[in-house]
Amino acid sequence: MSQTRNSRREFLRQMACVACSGGAAAMFPQLRMMSTALASTSAGSTSALSGYKALVCVYLAGGNDAWNLLVPFDSSRYNVYSTSRSGVYDAANNPGGLGLVKPTTPTQIAAQKIIDGNDASSATNQYFLNPNVPELTSLFNGGNLAFVVNAGTLVKPITMSDYLASSSNYPDQLFSHADQTNQWQQGYAVETSNLGWGGQCGDVLGGSNGNQELSSCISIAGANRFEVGLTTVPYQLSSNGLTNLKGMCNTTCNGNNKLRDTALNNLLGETYANDFSGSYSDVFGRGRGLYSLLAPDLPTFAPKTIFPSGNSLAAQLQTVASMINLCAQKGYASRQIYFVQLGGFDLHSGMMSGNGNHGQLLAEVSTALNAFWSAMGPGDVNLQDSVTLFTMSEFARTLQSNGSGADHAWGTVQMVMGGAVNGGKLYSNGGGPISGFPNQALNAPNNFARGQMIPGIGVEQYAATLAQWMGVTSTTDLNTIFPNLVHFSSNNLGFV
């Protein structure tokens, strides 16, 4: 897959990314339809792909405090955790504490099976989940959810001494929301790439899809870098589904709407000497064509599962479920990549109390993911083994409290859910110098003074594992999409 691109291609792609927002989103399905501007660069043997598979990225914007999602249960490690979190939260006696109360109810304990080959029966091999996520605990204990522990942006595997030796050993702009978001979505710990790893996977896999006018990447959460490829730009919907043109013909025509529609079609049918005008007309027309293709059937393919109301993430995932069902059943696609997002995780204050606190956010995530899992199940969409959902977030929070919340950190915990997932396990060894569940003491060798942990797993390894499950198996493609992957001893963590 060539990375060569000229200024016109770059300009058009950036213009489309800007245009693909708000009500205009449905009109710009993908830039590879601009045949005069963007030559096809699809690589890989996509014709050999069979069946249907989808990735669903859930982006937790703001930096999820993942160390309060997954907590050691054994006394010695729990005590270290509690001390580093400035004690257990108590509204009256310790309002600045960020620690969770150790549970006594067995149903909250996620008794994990394997971690780096340790004895599964070991008393030091247990963890508990936040009390606000009982659905996730059930999914984990049922073997359908896995945790990838201490993952983050890395140029290469490093220790504290490597970090201190040279800035070239670690990513640009650590602790910056914008930069770390870009690096997670690029799968590349630099600032310079304009491409996302999801979009580049779409470049490789999209040729296998039955409908070449529908992008392999679909966003329910607006423009994002993750789904931008060399020839792939996400087709966008809202959580309410497709957006039509007001006052125009949208599958039916009458009166003034018909007159306006005829005038618009005449404009779109013009021959334009200017490349941009012609390409704009092309994409606009194809966007309208996709609306006509998808809009009549999308409600029919809505899942039977009832999704929780008042939950923005659940609403987005409900639309994803409808699209997956429609596209898989109609044969429009064999490989798709979706993007949804939930914000509010930048909790420098109000972490443990008040409206929008961390527990409430995790409850939204837990109920939304559980509904999506049910919707994918037998008796409904029936594609649990074919759909893998995963989380990304720019970083975790400092273990140490700032008095009311926590600040930006580094290594974090991500979740992967699906029927194909090797669940009920923690994956914490990326083959580098830091492995296992991290020591959470503030003075630990690979832990900065306030509890910002150096990752043991690189985002490249995490993303490449998912990409390979989708069908991106060529070493050339993997190393092109993830340029730093060659620095890691393992390119597949085995969780799916």
# chains A, B, ... in the order shown; residues from 1 in each chain; ligands from 1

$ closest_atom_pairs --of "range 112-178 of chain A" --to "range 67-91 of chain A" --cutoff "9 Å" --atoms "only C-alpha atoms" --output "JSON lines"
{"residue": "A:Ala123", "atom": "CA", "partner": "A:Asp74", "partner_atom": "CA", "distance": 6.5}
{"residue": "A:Thr124", "atom": "CA", "partner": "A:Asp74", "partner_atom": "CA", "distance": 5.3}
{"residue": "A:Asn125", "atom": "CA", "partner": "A:Asp74", "partner_atom": "CA", "distance": 7.6}
{"residue": "A:Gln126", "atom": "CA", "partner": "A:Phe73", "partner_atom": "CA", "distance": 5.4}
{"residue": "A:Tyr127", "atom": "CA", "partner": "A:Pro72", "partner_atom": "CA", "distance": 4.4}
{"residue": "A:Phe128", "atom": "CA", "partner": "A:Val71", "partner_atom": "CA", "distance": 5.4}
{"residue": "A:Leu129", "atom": "CA", "partner": "A:Leu70", "partner_atom": "CA", "distance": 4.9}
{"residue": "A:Asn130", "atom": "CA", "partner": "A:Leu69", "partner_atom": "CA", "distance": 5.0}
{"residue": "A:Pro131", "atom": "CA", "partner": "A:Leu69", "partner_atom": "CA", "distance": 8.8}
{"residue": "A:Val133", "atom": "CA", "partner": "A:Leu69", "partner_atom": "CA", "distance": 8.3}
{"residue": "A:Phe147", "atom": "CA", "partner": "A:Leu70", "partner_atom": "CA", "distance": 8.6}

$ write_last_selection --atoms "N, CA and C atoms" --output "PDB file, in the first residue's frame"
ATOM      1  N   ALA A 123      -4.028 -16.807  44.775  1.00  0.00           N
ATOM      2  CA  ALA A 123      -4.802 -15.773  45.469  1.00  0.00           C
ATOM      3  C   ALA A 123      -4.386 -14.378  45.033  1.00  0.00           C
ATOM      4  N   THR A 124      -3.187 -14.253  44.447  1.00  0.00           N
ATOM      5  CA  THR A 124      -2.740 -12.943  43.978  1.00  0.00           C
ATOM      6  C   THR A 124      -3.105 -12.712  42.517  1.00  0.00           C
ATOM      7  N   ASN A 125      -3.973 -13.535  42.006  1.00  0.00           N
ATOM      8  CA  ASN A 125      -4.328 -13.492  40.597  1.00  0.00           C
ATOM      9  C   ASN A 125      -5.797 -13.143  40.415  1.00  0.00           C
ATOM     10  N   GLN A 126      -6.301 -12.275  41.289  1.00  0.00           N
ATOM     11  CA  GLN A 126      -7.697 -11.866  41.223  1.00  0.00           C
ATOM     12  C   GLN A 126      -7.805 -10.344  41.202  1.00  0.00           C
ATOM     13  N   TYR A 127      -8.884  -9.910  40.576  1.00  0.00           N
ATOM     14  CA  TYR A 127      -9.139  -8.478  40.418  1.00  0.00           C
ATOM     15  C   TYR A 127     -10.626  -8.229  40.625  1.00  0.00           C
ATOM     16  N   PHE A 128     -10.966  -6.995  40.956  1.00  0.00           N
ATOM     17  CA  PHE A 128     -12.385  -6.648  40.978  1.00  0.00           C
ATOM     18  C   PHE A 128     -12.611  -5.451  40.077  1.00  0.00           C
ATOM     19  N   LEU A 129     -13.834  -5.350  39.597  1.00  0.00           N
ATOM     20  CA  LEU A 129     -14.196  -4.258  38.712  1.00  0.00           C
ATOM     21  C   LEU A 129     -14.998  -3.212  39.473  1.00  0.00           C
ATOM     22  N   ASN A 130     -15.010  -2.018  38.933  1.00  0.00           N
ATOM     23  CA  ASN A 130     -15.774  -0.918  39.516  1.00  0.00           C
ATOM     24  C   ASN A 130     -17.210  -1.366  39.811  1.00  0.00           C
ATOM     25  N   PRO A 131     -17.756  -1.009  40.966  1.00  0.00           N
ATOM     26  CA  PRO A 131     -19.113  -1.473  41.307  1.00  0.00           C
ATOM     27  C   PRO A 131     -20.195  -0.990  40.354  1.00  0.00           C
ATOM     28  N   VAL A 133     -20.124  -1.347  37.137  1.00  0.00           N
ATOM     29  CA  VAL A 133     -20.098  -2.076  35.864  1.00  0.00           C
ATOM     30  C   VAL A 133     -20.413  -3.564  36.053  1.00  0.00           C
ATOM     31  N   PHE A 147      -9.308  -7.721  29.063  1.00  0.00           N
ATOM     32  CA  PHE A 147      -8.658  -6.449  29.380  1.00  0.00           C
ATOM     33  C   PHE A 147      -7.219  -6.481  28.882  1.00  0.00           C
TER      34      PHE A 147
END

$ closest_residue --among "A:Thr465, A:Asn446, A:Thr398, A:Thr107" --to "Phe175 in chain A" --atoms "only C-alpha atoms"
A:Thr398

$ select_by_dssp --residues "range 250-416 of chain A" --states "alpha helix (DSSP H)" --output "PyMOL selection string"
chain A and resi 255-268+275-294+312-330+358-375

$ atom_distance --atom1 "CA of Gly458 in chain A" --atom2 "CA of Asn479 in chain A"
14.0 Å

$ select_by_dssp --residues "range 190-419 of chain A" --states "strand (DSSP E)" --output "list in words"
Cys217, Ile218, Ser219, Tyr235, Gln236, Arg335, Gln336, Ile337, Tyr338, Phe339, Val340, Gln341, Leu342, Val387, Thr388, Leu389, Phe390, Thr391, Met392, Thr412, Val413, Gln414, Met415, Val416, Met417 and Gly418 of chain A

$ residues_around --residues "Ser334 in chain A" --least-positions-apart "6" --cutoff "8 Å" --atoms "only C-alpha atoms" --output "PyMOL selection string"
chain A and resi 49-53+208-210+328

$ closest_residue --among "A:Asn491, A:Asn94, A:Thr137, A:Gln108" --to "Ser404 in chain A" --atoms "only C-alpha atoms"
A:Asn94

$ closest_residue --among "A:Cys201, A:Ala61, A:Ala396, A:Ala66" --to "Asp477 in chain A" --atoms "only C-alpha atoms"
A:Cys201

$ residues_around --residues "Asn484 in chain A" --least-positions-apart "5" --cutoff "9 Å" --atoms "only C-alpha atoms" --output "JSON, numbers by chain"
{"A": [154, 155, 156, 187, 188, 189, 460, 479]}

$ write_last_selection --atoms "C-alpha atoms" --output "PDB file, in the first residue's frame"
ATOM      1  CA  LEU A 154       5.242   3.933  22.561  1.00  0.00           C
ATOM      2  CA  VAL A 155       7.929   4.459  19.943  1.00  0.00           C
ATOM      3  CA  LYS A 156       9.504   1.253  21.240  1.00  0.00           C
ATOM      4  CA  GLY A 187      -1.548   3.680  15.684  1.00  0.00           C
ATOM      5  CA  TYR A 188       1.691   5.604  15.424  1.00  0.00           C
ATOM      6  CA  ALA A 189       3.399   7.579  18.208  1.00  0.00           C
ATOM      7  CA  GLU A 460       0.685  -0.636  17.609  1.00  0.00           C
ATOM      8  CA  ASN A 479       4.404  -2.416   8.858  1.00  0.00           C
TER       9      ASN A 479
END

$ residues_around --residues "Ser386 in chain A" --least-positions-apart "5" --cutoff "10 Å" --atoms "only C-alpha atoms" --output "JSON, numbers by chain"
{"A": [51, 52, 53, 54, 55, 335, 376, 418, 419, 420, 470]}

$ write_last_selection --atoms "N, CA and C atoms" --output "CSV table (one decimal), in the first residue's frame"
chain,number,residue,atom,x,y,z
A,51,GLY,N,-17.1,-14.4,4.5
A,51,GLY,CA,-17.9,-14.1,5.7
A,51,GLY,C,-18.0,-12.6,5.9
A,52,TYR,N,-18.5,-12.3,7.1
A,52,TYR,CA,-18.6,-10.9,7.5
A,52,TYR,C,-17.9,-10.7,8.8
A,53,LYS,N,-17.2,-9.5,8.9
A,53,LYS,CA,-16.5,-9.1,10.2
A,53,LYS,C,-16.6,-7.6,10.3
A,54,ALA,N,-16.8,-7.2,11.6
A,54,ALA,CA,-16.8,-5.7,11.8
A,54,ALA,C,-16.0,-5.5,13.1
A,55,LEU,N,-15.3,-4.3,13.1
A,55,LEU,CA,-14.7,-3.8,14.3
A,55,LEU,C,-15.5,-2.6,14.7
A,335,ARG,N,-16.4,-6.5,5.3
A,335,ARG,CA,-15.5,-5.9,6.3
A,335,ARG,C,-15.9,-4.5,6.5
A,376,MET,N,-26.2,-8.3,19.3
A,376,MET,CA,-25.4,-9.1,18.3
A,376,MET,C,-25.7,-10.6,18.5
A,418,GLY,N,-16.4,-9.5,22.4
A,418,GLY,CA,-16.9,-10.2,21.2
A,418,GLY,C,-16.9,-11.7,21.4
A,419,GLY,N,-17.6,-12.4,20.5
A,419,GLY,CA,-17.6,-13.8,20.6
A,419,GLY,C,-16.3,-14.5,20.1
A,420,ALA,N,-15.5,-13.7,19.3
A,420,ALA,CA,-14.2,-14.2,18.9
A,420,ALA,C,-13.1,-13.9,19.9
A,470,MET,N,-9.2,-8.9,11.4
A,470,MET,CA,-10.1,-8.4,10.3
A,470,MET,C,-9.6,-9.0,9.0

$ closest_residue --among "A:Asn224, A:Thr305, A:Gln452, A:Asn492" --to "Phe372 in chain A" --atoms "only C-alpha atoms"
A:Thr305

$ closest_residue --among "A:Ile481, A:Leu326, A:Ile454, A:Ala223" --to "Pro433 in chain A" --atoms "only C-alpha atoms"
A:Ile454

$ closest_residue --among "A:Ala302, A:Leu259, A:Val387, A:Val101" --to "Val416 in chain A" --atoms "only C-alpha atoms"
A:Val387

$ residues_around --residues "Phe437 in chain A" --least-positions-apart "2" --cutoff "9 Å" --atoms "only C-alpha atoms" --output "compact mmCIF listing (two decimals) with N, CA and C atoms, in the first residue's frame"
# COMPACT_ATOMS: atom_id res chain seq x y z
N PRO A 72 -6.64 -4.55 41.65
CA PRO A 72 -6.19 -5.80 42.29
C PRO A 72 -7.03 -6.12 43.53
N ILE A 115 -2.65 -14.82 33.61
CA ILE A 115 -1.92 -13.58 33.41
C ILE A 115 -0.43 -13.92 33.31
N VAL A 149 -3.88 -4.65 29.53
CA VAL A 149 -3.44 -3.90 30.71
C VAL A 149 -2.13 -3.15 30.46
N ASN A 150 -2.14 -1.89 30.83
CA ASN A 150 -0.97 -1.00 30.74
C ASN A 150 -0.52 -0.81 29.29
N LEU A 426 -6.61 -11.25 31.35
CA LEU A 426 -5.90 -9.99 31.27
C LEU A 426 -4.68 -10.20 30.39
N TYR A 427 -4.46 -9.30 29.45
CA TYR A 427 -3.30 -9.37 28.57
C TYR A 427 -2.37 -8.22 28.95
N SER A 428 -1.23 -8.58 29.53
CA SER A 428 -0.37 -7.55 30.11
C SER A 428 1.09 -7.71 29.74
N ASN A 429 1.40 -8.55 28.79
CA ASN A 429 2.78 -8.77 28.39
C ASN A 429 2.92 -8.54 26.90
N SER A 435 6.36 -6.04 31.97
CA SER A 435 5.30 -7.01 31.75
C SER A 435 4.55 -7.23 33.05
N ASN A 439 3.22 -2.49 38.95
CA ASN A 439 3.36 -2.09 40.35
C ASN A 439 2.78 -0.69 40.50
N GLN A 440 1.79 -0.52 41.34
CA GLN A 440 1.11 0.77 41.46
C GLN A 440 1.65 1.66 42.57

$ residues_around --residues "Ile220 in chain A" --least-positions-apart "4" --cutoff "10 Å" --atoms "only C-alpha atoms" --output "NGL selection string"
:A and (234-242 or 313 or 315-317 or 319-320 or 338-341)
